[in-house]
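Reviewing the structure listed below.
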Amino acid sequence: MKTNFIKLGLASIAALALVLTGCDKMLELEPGDVIIATDALQTPDDAQRLLNSNYDVLGNLYDGRVQNCAELLSSNLAIPENNNDYVSVYNRETNFFTSFTNSIYTDFYRAIYRGNVLIENFDLIEGLSETDRTRMEAEVRFIRALCHFQVVKLWAQPYGYTAGNSHLGIPVREAASQEPLPRNTVNEVYEFILEDLIFAYDNLPMTNDVYATRYSAAGVLAQVYFQMMDYPNAAIYAGEVVNSGLFILDTDLDRYEEGVVNTETVFGIVSNPLDVRNEGFRDNYRSDNNPSPTLTFDQEIANTLGLNPSDGRNDWFLQDGGIVKVTRFNNKEFYNIPIIHLTEMMLIQSESLAETATDLTTAIENINLIRDRAFGEGFNDLDPGSSAEEVIEAARLEYLKETLCEGKLIDQLKRRGAMGEDITVRNAPWDCPGMAIQFPNGETSAAGFILNEEGGCN
């Protein structure tokens with residue numbers, strides 16, 4: 001029996017909440033509940049429903065919650081209004097009672113748990129073809145890797161913080177167990193992430209509707225290797241996405257579109273009027289219907305964008321009585337959210353090629369295509385004879401601008417700090433203790449679990 005869940009008419013991750021109606025037993029497979037796999041997983045249809053529920057959790061996470069959390073740690077935002085948990089993240093003062101960060105952490109491990117349940121119970125499912133089994137495992141391992149990657153970036157000091165990356169990372173969960181686990185080292189976490197992603201890359205289909213594909217895995221591999229400062233591999237995997245011909249650079253600077261999946265999206269979350277999955281963005285940034293939005297830009301970001309009045313990204317902010325309001329999400333109720341997109345892949349490829357001083361021509365072409373969109377063709381282009389150092393500087397500047405509000409900048413600041421650069425983030429060192437979010441109190445039940453050091457950034 002071949003399932004049709006991936007090809008439902010709504011064809012969206014966000015719509016999974018609708019297609020899962022009536023699957024309460026499947027959705028009860030959570031940490032803390034009794035698992036009766038023989039009852040819950042009997043048919044290929046059951047297996048597909050459980051897999052779909054993993055995507056549903058991603059939709060809940062990447063509706064802006066995860067991106068806002070990471071963005072608050074960076075230098076892009078002003079201090080938040082009317083949200084004490086956001087202020088705690090911004091001030092780098094989270095503790096194990098901070099509900100905002102605790103809920104994100106729990107949801108990431110919820111998706112991991114569900115995937116592990118599925119992998120461990122394939123043999124119980126009658127009539128599951130080997131093709132579908134392999135594809136499902138590849139999707140699970142893609143999601144599992146993506147979740148571990150995001151958690152280790154937020155809850156631990158970055159790759160390169162210590163020699164051999166022997167510093168503490170996060171618990172690696174490769175089994176559907178509720179047993180409390182201690183923290184693995186960052187090196188162990190990254191090895192696990194790469195193992196999962198390479199399996200996903202080797203076994204995911206080239207196309208898979210809006211679900212994970214080989215190119216989704218290539219995109220995350222590019223991000224992971226870039227964070228590891230493995231620039232040759234980062235360039236290879238980013239280049240595979242860029243050169244695939246399947247993704248087209250958006251022409252209007254609006255990757256957050258209603259109704260359609262943006263042409264740049266390699267992997268993302270789709271929203272619709274019946275199941276909105278962009279509340280974290282809409283309800284915190286939107287300024288056209290809210291005189292006092294929770295999240296606003298830092299003045300320095302507005303100054304950076306405003307250095308060139310012809311930069312089309314100036315339209316992403318509005319100066320209002322000393323407050324820099326974000327307009328990127330105005331006049332929209334629901335829209336789709338790219339998690340991996342072509343612009344980021346082009347910039348990762350460009351900087352990686354420049355870091356290794358190879359193929360600067362391609363690196364410069366990527367940057368100029370992005371600048372042509374922002375400034376108009378031929379304006380503000382990078383000179384074809386630019387040095388590797390000039391390409392790196394240009395790629396980093398465009399990355400900062402293009403990923404505003406997407407929660408991506410802080411990872412690059414930490415990477416550069418680990419490379420040996422003198423990086424400060426809002427007057428604090430890139431590696432001060434509060435840059436790593438505190439774990440939920442429940443994790444301390446694991447023998448030997450060590451919490452992050454708190455404070456020390458101000």
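In the structure tokens, the first chain shown is A, the next is B, and so on; residue numbers restart at 1 for each chain, and ligands run from 1 in the order shown.
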Would you list, as an MDAnalysis selection string, the residues of range 128-230 of chain A that end up in alpha helix (DSSP H) under DSSP run on this structure's backbone?
-> chainID A and resid 130:155 186:203 214:227
Asn303 in chain A environment, 12 Å, only C-alpha atoms, sequence neighbours closer than 2 positions dropped, as a ChimeraX atom specification = /A:76,297-301,305-309,311,313-314,317-319,324,401
Emit the selected residues as a CSV table (one decimal), in the first residue's frame, including C-alpha atoms.
chain,number,residue,atom,x,y,z
A,76,ASN,CA,20.2,43.1,14.9
A,297,PHE,CA,15.6,46.9,14.7
A,298,ASP,CA,18.7,48.2,16.4
A,299,GLN,CA,19.5,51.7,15.1
A,300,GLU,CA,22.9,50.5,13.8
A,301,ILE,CA,21.2,48.1,11.4
A,305,LEU,CA,21.2,49.7,5.3
A,306,GLY,CA,20.8,53.5,5.0
A,307,LEU,CA,24.4,54.0,3.9
A,308,ASN,CA,23.2,53.6,0.3
A,309,PRO,CA,19.7,55.1,-0.3
A,311,ASP,CA,19.4,49.7,-1.5
A,313,ARG,CA,16.3,46.6,1.5
A,314,ASN,CA,15.8,50.0,3.1
A,317,PHE,CA,12.4,49.4,8.1
A,318,LEU,CA,10.8,52.6,9.1
A,319,GLN,CA,12.1,55.3,11.4
A,324,VAL,CA,13.2,51.5,14.0
A,401,LYS,CA,21.4,42.3,5.2
Tell me which of A:Gly245, A:Pro384, A:Gly160, A:Gly268 sits closest to Ala212 in chain A, counting only C-alpha atoms.
-> A:Gly268
Hey, which of A:Asn54, A:Asn368, A:Asn165, A:Asn187 ends up closest to Asn380 in chain A? Count only C-alpha atoms.
-> A:Asn368
Using only C-alpha atoms, pick whichever of A:Gly164, A:Gly434, A:Gly456, A:Pro44 has the shortest atom-to-atom distance to Ser88 in chain A.
-> A:Gly434
Contacts of Ala111 in chain A within 8 Å, only C-alpha atoms, excl. fewer than 6 positions in-chain, as a VMD selection string | chain A and resid 54 to 55 57 to 58 143 to 144 147
Could you dump the residues just selected with N, CA and C atoms as a PDB file, in the first residue's frame?
ATOM      1  N   ASN A  54       5.981  14.870  12.409  1.00  0.00           N
ATOM      2  CA  ASN A  54       7.289  15.488  12.655  1.00  0.00           C
ATOM      3  C   ASN A  54       7.392  16.827  11.935  1.00  0.00           C
ATOM      4  N   TYR A  55       6.932  16.859  10.691  1.00  0.00           N
ATOM      5  CA  TYR A  55       6.916  18.116   9.952  1.00  0.00           C
ATOM      6  C   TYR A  55       5.998  19.130  10.631  1.00  0.00           C
ATOM      7  N   VAL A  57       5.545  19.484  13.794  1.00  0.00           N
ATOM      8  CA  VAL A  57       6.298  20.095  14.895  1.00  0.00           C
ATOM      9  C   VAL A  57       7.249  21.160  14.349  1.00  0.00           C
ATOM     10  N   LEU A  58       7.899  20.874  13.219  1.00  0.00           N
ATOM     11  CA  LEU A  58       8.769  21.890  12.609  1.00  0.00           C
ATOM     12  C   LEU A  58       7.972  23.143  12.266  1.00  0.00           C
ATOM     13  N   ILE A 143      15.216  15.434   9.537  1.00  0.00           N
ATOM     14  CA  ILE A 143      14.588  16.239  10.586  1.00  0.00           C
ATOM     15  C   ILE A 143      15.376  16.118  11.887  1.00  0.00           C
ATOM     16  N   ARG A 144      15.812  14.917  12.211  1.00  0.00           N
ATOM     17  CA  ARG A 144      16.572  14.698  13.445  1.00  0.00           C
ATOM     18  C   ARG A 144      17.873  15.495  13.433  1.00  0.00           C
ATOM     19  N   CYS A 147      17.125  19.288  13.789  1.00  0.00           N
ATOM     20  CA  CYS A 147      16.782  19.627  15.174  1.00  0.00           C
ATOM     21  C   CYS A 147      18.021  19.659  16.065  1.00  0.00           C
TER      22      CYS A 147
END
Neighbours of Ser445 in chain A within 9 Å (only C-alpha atoms; same-chain residues fewer than 4 positions away dropped), as number ranges by chain?
-> A: 180-181, 441, 449
Would you mind listing, for every residue of range 27-135 of chain A within 10 Å of range 409-423 of chain A, the two atoms forming the shortest contact and the distance between them in Å to one decimal, using only C-alpha atoms, sorted by chain and ascending residue number, as a Markdown table?
| residue | atom | partner | partner_atom | distance |
| --- | --- | --- | --- | --- |
| A:Ala70 | CA | A:Ile410 | CA | 6.7 |
| A:Glu71 | CA | A:Ile410 | CA | 6.9 |
| A:Leu72 | CA | A:Ile410 | CA | 8.9 |
| A:Leu73 | CA | A:Ile410 | CA | 6.6 |
| A:Ser74 | CA | A:Ile410 | CA | 4.9 |
| A:Ser75 | CA | A:Ile410 | CA | 7.8 |
| A:Asn76 | CA | A:Leu409 | CA | 8.2 |
Polymer residues at most 9 Å from range 343-350 of chain A, only C-alpha atoms, same-chain spacing of 6 or more positions, as a ChimeraX atom specification = /A:219,222-223,226,231,234-239,241-242,249-250,264,359-360,362-367,370,391-392,395-396,398-399,402-403
Export, as a compact mmCIF listing (two decimals), in the first residue's frame, the selected residues with N, CA and C atoms.
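Just written: part09.txt:
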# COMPACT_ATOMS: atom_id res chain seq x y z
N GLY A 219 21.51 21.49 1.52
CA GLY A 219 21.49 22.83 2.11
C GLY A 219 21.91 22.83 3.56
N ALA A 222 25.59 22.16 3.84
CA ALA A 222 26.35 23.38 3.59
C ALA A 222 26.40 24.25 4.84
N GLN A 223 25.26 24.38 5.53
CA GLN A 223 25.23 25.18 6.76
C GLN A 223 26.12 24.58 7.83
N PHE A 226 29.83 24.90 6.92
CA PHE A 226 30.19 26.32 7.05
C PHE A 226 30.43 26.66 8.52
N TYR A 231 35.39 24.79 4.74
CA TYR A 231 34.92 25.58 3.60
C TYR A 231 34.89 24.80 2.28
N ALA A 234 31.59 22.97 2.48
CA ALA A 234 30.49 23.95 2.46
C ALA A 234 30.26 24.45 1.05
N ALA A 235 31.34 24.73 0.32
CA ALA A 235 31.22 25.22 -1.05
C ALA A 235 30.61 24.15 -1.96
N ILE A 236 31.00 22.90 -1.76
CA ILE A 236 30.49 21.81 -2.61
C ILE A 236 28.98 21.67 -2.45
N TYR A 237 28.49 21.58 -1.20
CA TYR A 237 27.07 21.33 -0.99
C TYR A 237 26.22 22.56 -1.29
N ALA A 238 26.70 23.75 -0.95
CA ALA A 238 25.97 24.95 -1.33
C ALA A 238 25.91 25.06 -2.85
N GLY A 239 27.03 24.74 -3.50
CA GLY A 239 27.08 24.81 -4.95
C GLY A 239 26.13 23.84 -5.61
N VAL A 241 23.18 23.02 -4.55
CA VAL A 241 21.87 23.67 -4.55
C VAL A 241 21.83 24.79 -5.59
N VAL A 242 22.85 25.63 -5.59
CA VAL A 242 22.89 26.78 -6.49
C VAL A 242 22.85 26.33 -7.94
N LEU A 249 16.46 32.80 -8.07
CA LEU A 249 16.61 33.97 -7.22
C LEU A 249 15.36 34.84 -7.32
N ASP A 250 14.78 35.14 -6.19
CA ASP A 250 13.59 35.98 -6.15
C ASP A 250 13.93 37.38 -6.66
N GLU A 264 12.87 30.61 -4.26
CA GLU A 264 14.18 30.39 -3.61
C GLU A 264 14.15 29.27 -2.60
N ASP A 359 38.11 29.82 -7.17
CA ASP A 359 36.98 30.22 -8.00
C ASP A 359 36.33 31.52 -7.51
N LEU A 360 37.15 32.56 -7.43
CA LEU A 360 36.61 33.86 -7.02
C LEU A 360 35.62 34.41 -8.04
N THR A 362 33.14 32.78 -9.57
CA THR A 362 31.80 32.34 -9.16
C THR A 362 31.36 33.08 -7.91
N ALA A 363 32.27 33.24 -6.96
CA ALA A 363 31.93 33.94 -5.71
C ALA A 363 31.46 35.36 -6.00
N ILE A 364 32.15 36.06 -6.87
CA ILE A 364 31.80 37.45 -7.20
C ILE A 364 30.50 37.50 -7.99
N GLU A 365 30.30 36.55 -8.89
CA GLU A 365 29.05 36.52 -9.66
C GLU A 365 27.85 36.36 -8.73
N ASN A 366 27.96 35.48 -7.74
CA ASN A 366 26.86 35.30 -6.78
C ASN A 366 26.53 36.61 -6.07
N ILE A 367 27.56 37.27 -5.56
CA ILE A 367 27.36 38.50 -4.81
C ILE A 367 26.73 39.57 -5.70
N ILE A 370 23.01 39.13 -6.28
CA ILE A 370 22.24 39.56 -5.11
C ILE A 370 22.21 41.08 -5.01
N VAL A 391 36.08 39.81 -1.24
CA VAL A 391 34.90 38.96 -1.47
C VAL A 391 34.31 38.51 -0.15
N ILE A 392 35.16 38.10 0.78
CA ILE A 392 34.66 37.68 2.10
C ILE A 392 33.91 38.82 2.78
N ALA A 395 30.57 39.30 1.00
CA ALA A 395 29.63 38.20 1.27
C ALA A 395 29.04 38.32 2.67
N ARG A 396 29.87 38.70 3.63
CA ARG A 396 29.38 38.84 5.01
C ARG A 396 28.40 40.00 5.14
N GLU A 398 26.45 41.21 2.73
CA GLU A 398 25.20 40.82 2.10
C GLU A 398 24.45 39.79 2.93
N TYR A 399 25.19 38.90 3.59
CA TYR A 399 24.55 37.90 4.46
C TYR A 399 23.82 38.59 5.60
N GLU A 402 20.65 40.29 4.04
CA GLU A 402 19.66 39.39 3.45
C GLU A 402 18.97 38.50 4.48
N THR A 403 19.59 38.27 5.61
CA THR A 403 19.00 37.36 6.60
C THR A 403 18.43 38.09 7.81
Could you jot down the CA of Tyr215 in chain A to CA of Arg135 in chain A separation for me, Å, one decimal place?
-> 14.1 Å
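Interatomic distance, CA of Ile125 in chain A against CA of Ala175 in chain A: 18.3 Å.
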Near Ala217 in chain A, within 8 Å and counting only C-alpha atoms, which residues show up once chain neighbours fewer than 4 positions away are dropped, as number ranges by chain?
-> A: 142, 197-198, 200-201, 212-213, 221
Sel. of strand (DSSP E) residues, range 255-417 of chain A, as a ChimeraX atom specification | /A:265-269,317-320,323-326,337-341
Write a file of the selected residues as a PDB file, in the first residue's frame, keeping N, CA and C atoms.
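In the end it all went to part_35.pdb:
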ATOM      1  N   THR A 265      12.974  28.834  -2.192  1.00  0.00           N
ATOM      2  CA  THR A 265      12.866  27.931  -1.040  1.00  0.00           C
ATOM      3  C   THR A 265      13.390  26.543  -1.357  1.00  0.00           C
ATOM      4  N   VAL A 266      14.419  26.137  -0.638  1.00  0.00           N
ATOM      5  CA  VAL A 266      14.957  24.784  -0.722  1.00  0.00           C
ATOM      6  C   VAL A 266      14.211  23.890   0.255  1.00  0.00           C
ATOM      7  N   PHE A 267      13.904  24.425   1.423  1.00  0.00           N
ATOM      8  CA  PHE A 267      13.073  23.738   2.415  1.00  0.00           C
ATOM      9  C   PHE A 267      12.451  24.801   3.298  1.00  0.00           C
ATOM     10  N   GLY A 268      11.168  24.649   3.572  1.00  0.00           N
ATOM     11  CA  GLY A 268      10.522  25.660   4.395  1.00  0.00           C
ATOM     12  C   GLY A 268       9.160  25.227   4.895  1.00  0.00           C
ATOM     13  N   ILE A 269       8.478  26.171   5.511  1.00  0.00           N
ATOM     14  CA  ILE A 269       7.167  25.954   6.100  1.00  0.00           C
ATOM     15  C   ILE A 269       6.129  26.706   5.278  1.00  0.00           C
ATOM     16  N   PHE A 317      12.566  48.699   6.805  1.00  0.00           N
ATOM     17  CA  PHE A 317      12.449  49.371   8.099  1.00  0.00           C
ATOM     18  C   PHE A 317      11.874  50.771   7.935  1.00  0.00           C
ATOM     19  N   LEU A 318      11.380  51.277   9.056  1.00  0.00           N
ATOM     20  CA  LEU A 318      10.783  52.609   9.087  1.00  0.00           C
ATOM     21  C   LEU A 318      11.200  53.298  10.378  1.00  0.00           C
ATOM     22  N   GLN A 319      11.807  54.468  10.254  1.00  0.00           N
ATOM     23  CA  GLN A 319      12.149  55.269  11.431  1.00  0.00           C
ATOM     24  C   GLN A 319      10.881  55.940  11.961  1.00  0.00           C
ATOM     25  N   ASP A 320      10.609  55.734  13.244  1.00  0.00           N
ATOM     26  CA  ASP A 320       9.384  56.290  13.819  1.00  0.00           C
ATOM     27  C   ASP A 320       9.674  56.779  15.236  1.00  0.00           C
ATOM     28  N   ILE A 323      12.330  54.940  17.105  1.00  0.00           N
ATOM     29  CA  ILE A 323      12.158  53.492  17.035  1.00  0.00           C
ATOM     30  C   ILE A 323      12.297  53.068  15.575  1.00  0.00           C
ATOM     31  N   VAL A 324      13.050  51.997  15.342  1.00  0.00           N
ATOM     32  CA  VAL A 324      13.223  51.497  13.974  1.00  0.00           C
ATOM     33  C   VAL A 324      12.305  50.289  13.791  1.00  0.00           C
ATOM     34  N   LYS A 325      11.148  50.529  13.231  1.00  0.00           N
ATOM     35  CA  LYS A 325      10.155  49.473  13.075  1.00  0.00           C
ATOM     36  C   LYS A 325      10.448  48.632  11.837  1.00  0.00           C
ATOM     37  N   VAL A 326      10.140  47.354  11.952  1.00  0.00           N
ATOM     38  CA  VAL A 326      10.352  46.420  10.854  1.00  0.00           C
ATOM     39  C   VAL A 326       9.099  46.406   9.981  1.00  0.00           C
ATOM     40  N   ILE A 337       7.416  30.419   4.986  1.00  0.00           N
ATOM     41  CA  ILE A 337       8.685  30.734   5.649  1.00  0.00           C
ATOM     42  C   ILE A 337       9.791  29.824   5.122  1.00  0.00           C
ATOM     43  N   PRO A 338      10.766  30.379   4.420  1.00  0.00           N
ATOM     44  CA  PRO A 338      11.903  29.567   3.985  1.00  0.00           C
ATOM     45  C   PRO A 338      12.870  29.331   5.149  1.00  0.00           C
ATOM     46  N   ILE A 339      13.266  28.099   5.344  1.00  0.00           N
ATOM     47  CA  ILE A 339      14.280  27.760   6.338  1.00  0.00           C
ATOM     48  C   ILE A 339      15.655  27.676   5.671  1.00  0.00           C
ATOM     49  N   ILE A 340      15.677  27.073   4.492  1.00  0.00           N
ATOM     50  CA  ILE A 340      16.882  27.039   3.657  1.00  0.00           C
ATOM     51  C   ILE A 340      16.505  27.693   2.339  1.00  0.00           C
ATOM     52  N   HIS A 341      17.275  28.684   1.910  1.00  0.00           N
ATOM     53  CA  HIS A 341      16.907  29.362   0.664  1.00  0.00           C
ATOM     54  C   HIS A 341      18.132  29.650  -0.192  1.00  0.00           C
TER      55      HIS A 341
END
Which residues, written as a list in words, have at least one atom at most 8 Å from Asn452 in chain A, with only C-alpha atoms counted and residues fewer than 2 positions away on the same chain left out?
-> Ala156, Pro433, Ala436, Ile437, Gln438, Phe439, Ile450 and Glu454 of chain A
Give me a file of those residues, with C-alpha atoms, as a compact mmCIF listing (two decimals), in the first residue's frame.
# COMPACT_ATOMS: atom_id res chain seq x y z
CA ALA A 156 26.09 25.31 23.56
CA PRO A 433 28.49 32.50 29.15
CA ALA A 436 24.52 29.73 25.36
CA ILE A 437 20.89 29.41 26.46
CA GLN A 438 20.21 27.68 29.77
CA PHE A 439 18.70 24.19 29.71
CA ILE A 450 25.94 20.04 33.76
CA GLU A 454 24.63 31.85 33.59
